[in-house]
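> Quick one: structure below, then a few questions.
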Amino acid sequence: MLTKEKCAALAMCAILCAERSKKKKRLRVWTRKWLGKHGQYGLSILQRELEVDHARGFRDLLRMSVEDFNYLMERVSPAIIKKDTHLRKAISPRERLSVTLRFLATGETFNSLSFQYRIGSTTLSRIVMETCTALTCALHEDYLKTPSTESEWKAIARDFANKWQFPHCLGAIDGKHIFIQPPPKSGSMYFNYKSRFSIILMAVVDANYKFVYASTGTQGTLNFPPADTLPGTDAMMPHMLIGDDAYPLRPDLMKPYTFRNLNTNQRIYNYRLSRARRVVENAFGILANRFRVFRTTICLDPDKVVTIIFACLCLHNYLRDHRSDAYVPPGYVDTEDANHQLVEGAWRREGELQSVSMGLAQNPLVEAKKQRDVLCEYFVSPAGSVSWQEDMV
């Protein structure tokens with residue numbers, strides 16, 4: 001038999017349970033009212049206004065034109081669209097792509113972007129990673145596929161010969177540090193000689209500042225075409241990459257002569273190689289200063305940082321392929337004046353990524369030394385010289 005005291009206790013318990021249930025329902029809808037207004041206020045609304053009224057402002061916002069943005073929308077929407085529920089309206093693919101591109105362009109924290117877009121920081125971080133994955137999947141095959149056939153590699157070599165007067169070159173190679181927050185219990189795994197934690201991005205760039213190969217860990221095998229004669233001669237020469245003095249001299253990788261006691265021919269060789277190698281400096285310079293997330297310490301797990309890296313490489317190549325002035329404005333990359341003197345691009349005034357030190361190189365093979373000497377002689381021969389090279393040394 002229930003006493004009055006027991007009835008009162010049961011009634012109070014029922015009231016408390018009802019209040020808890022109401023609170024849970026409220027929390028399931030929105031924990032903060034201002035987050036529910038992301039489609040009414042914030043940068044997503046500003047973006048729509050810029051599309052109509054201020055094309056340059058739109059370019060500054062996302063580092064691309066409206067046309068470029070709409071193309072990317074078509075490619076990634078099927079992978080990032082979400083269904084509405086009875087509790088809330090899904091964040092649209094347009095907003096998901098916009099906030100991701102803004103994160104990549106600025107490197108702002110998820111907390112900062114959360115206020116700008118009125119999206120919770122946890123949700124926003126998940127959106128960025130999902131959209132970066134979708135961008136890589138959608139663009140990789142068309143814009144970041146490493147050449148696999150002889151004709152594809154030789155097309156790159158022709159561009160280097162025509163634009164930079166360096167024959168048999170299949171790309172310029174360089175490595176950069178992408179600084180990260182050290183993951184828990186990682187020890188010295190990501191610790192570098194600059195006393196910071198980083199992921200190393202090694203990449204090969206073609207004559208048009210596009211990345212044709214990239215690695216953040218294991219090195220893949222590149223199937224180079226067979227050796228061929230140098231233009232205008234009978235001398236056989238392997239196809240090769242070119243790098244700076246940090247790299248080992250190998251038959252498939254040429255580097256400068258050491259800068260001591262050089263004769264005129266060797267200085268000309270160094271000039272010709274360095275001139276062609278500038279494409280990789282410029283490609284990394286464009287990448288780091290247009291996607292300024294690389295100018296920060298990225299506070300994410302290494303696997304997520306790798307996802308961001310490859311999304312940016314795909315976007316870079318897509319925008320370079322479409323010759324987007326929004327991404328690379330006039331004067332942004334290095335050029336040469338009428339006398340072939342270097343005119344530095346605007347990116348050099350904004351800063352660059354930290355280069356990778358390759359350590360002490362092993363003694364080069366005799367074959368590689370002979371190959372470099374053959375190239376050296378070729379560059380001062382009638383078949384391989386250019387009219388202005390002696391003025392540069």
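Letters for chains follow the order of the structure tokens (A, B, ...), residue numbers begin at 1 for each chain, and ligand numbers begin at 1 in the order shown.
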Running DSSP on the backbone, which parts of region 192-300 of chain A land in strand (DSSP E or B), as a ChimeraX atom specification?

/A:197-205,211-215,228-229,236-237,240-242,250,253-254,298

> For Ala138 (chain A), please output as a compact mmCIF listing (two decimals) with all heavy atoms, in the first residue's frame all residues within 7 Å (counting only C-alpha atoms; exclusion window: fewer than 4 positions along the same chain).


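Written out: result.txt:
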```txt
# COMPACT_ATOMS: atom_id res chain seq x y z
N ARG A 75 31.66 18.14 -59.50
CA ARG A 75 32.48 16.94 -59.35
C ARG A 75 32.29 16.28 -57.97
O ARG A 75 32.32 15.04 -57.88
CB ARG A 75 33.96 17.26 -59.57
CG ARG A 75 34.32 17.73 -60.97
CD ARG A 75 34.14 16.65 -62.02
NE ARG A 75 35.00 15.50 -61.82
CZ ARG A 75 36.20 15.35 -62.40
NH1 ARG A 75 36.66 16.29 -63.23
NH2 ARG A 75 36.92 14.26 -62.19
N VAL A 76 32.16 17.08 -56.91
CA VAL A 76 32.17 16.48 -55.57
C VAL A 76 30.80 16.36 -54.91
O VAL A 76 30.66 15.61 -53.93
CB VAL A 76 33.11 17.27 -54.61
CG1 VAL A 76 34.51 17.31 -55.17
CG2 VAL A 76 32.58 18.66 -54.33
N ALA A 134 36.82 13.67 -50.84
CA ALA A 134 35.99 13.69 -52.05
C ALA A 134 36.70 14.43 -53.18
O ALA A 134 36.63 14.01 -54.35
CB ALA A 134 34.65 14.34 -51.74
```

> May I have the residues within 7 Å of Asn111 (chain A) as a count of residues only, using only C-alpha atoms and disregarding those fewer than 3 positions away in the same chain?

3

> May I ask for the distance between CA of Asp228 (chain A) and CA of Pro147 (chain A), given in Å to one decimal place?

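CA of Pro147 (chain A) lies 18.3 Å from CA of Asp228 (chain A).
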
> Identify which of the residues A:Ala235, A:Ile173, A:Ile242, A:Ile268 lies closest to Asp391 (chain A), counting only C-alpha atoms when measuring atom-to-atom distances.

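The answer is A:Ile268, which sits nearest to Asp391 (chain A).
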
> Please identify all polymer residues within 12 Å of Thr221 (chain A), counting only C-alpha atoms, omitting same-chain residues fewer than 3 positions from it, and present them as a PyMOL selection string.

chain A and resi 146-148+213-215+218+224

> Report, in Å to a single decimal, how far apart CA of Phe166 (chain A) and CA of Gln341 (chain A) are.

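Computing it gives 17.3 Å between the two atoms.
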
> Find, counting only C-alpha atoms, the residue in A:Gly285, A:Pro382, A:Gly171, A:Gly331 that gets nearest to Gly232 (chain A).

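Between A:Gly285, A:Pro382, A:Gly171, A:Gly331, the residue approaching Gly232 (chain A) most closely is A:Pro382.
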
> Compare A:Ala155, A:Ala207, A:Met73, A:Ile199 by their minimum atom-to-atom distance to Thr297 (chain A), counting only C-alpha atoms, and give me the closest one.

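Looking at the shortest contact to Thr297 (chain A), the residue is A:Ile199.
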
> Point out the residue among A:Asp174, A:Ala227, A:Tyr209, A:Thr258 with the least atom-to-atom distance to Arg320 (chain A), counting only C-alpha atoms.

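Looking only at the distances to Arg320 (chain A), the closest residue turns out to be A:Tyr209.
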
> Run DSSP on the backbone of this structure and report the residues of region 185-299 of chain A it assigns to helix (DSSP H, G or I), as a ChimeraX atom specification.

/A:264-290,292-295

> Please measure the separation of CA of Arg372 (chain A) and CA of Glu344 (chain A), giving the value in Å to one decimal.

27.9 Å

> Tell me which protein, DNA and RNA residues are within 10 Å of region 333-340 of chain A, counting only C-alpha atoms, leaving out same-chain ones fewer than 6 positions away, and put them as a PyMOL selection string.

chain A and resi 209+278-279+281-283+285-286+346-348+388-389+391-392

> Give me the residues within 10 Å of region 89-106 of chain A as a VMD selection string, counting only C-alpha atoms and dropping any in the same chain fewer than 5 places off.

chain A and resid 36 38 to 39 43 to 45 47 60 to 64 69 to 70 72 to 74 76 to 84 112 to 114 116 to 117 119 123 to 132 134 to 135 287 to 296 308 to 309 311 to 312 315

> May I ask which of the residues A:Asp321, A:Glu67, A:Asp234, A:Glu377 is the closest one to Asp206 (chain A), counting only C-alpha atoms?

A:Asp321

> Check the smallest atom-to-atom distance from each of A:Lys370, A:Arg59, A:Arg88, A:Arg118 to Pro329 (chain A) using only C-alpha atoms, then report the winner.

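Smallest separation from Pro329 (chain A) among the options: A:Arg59.
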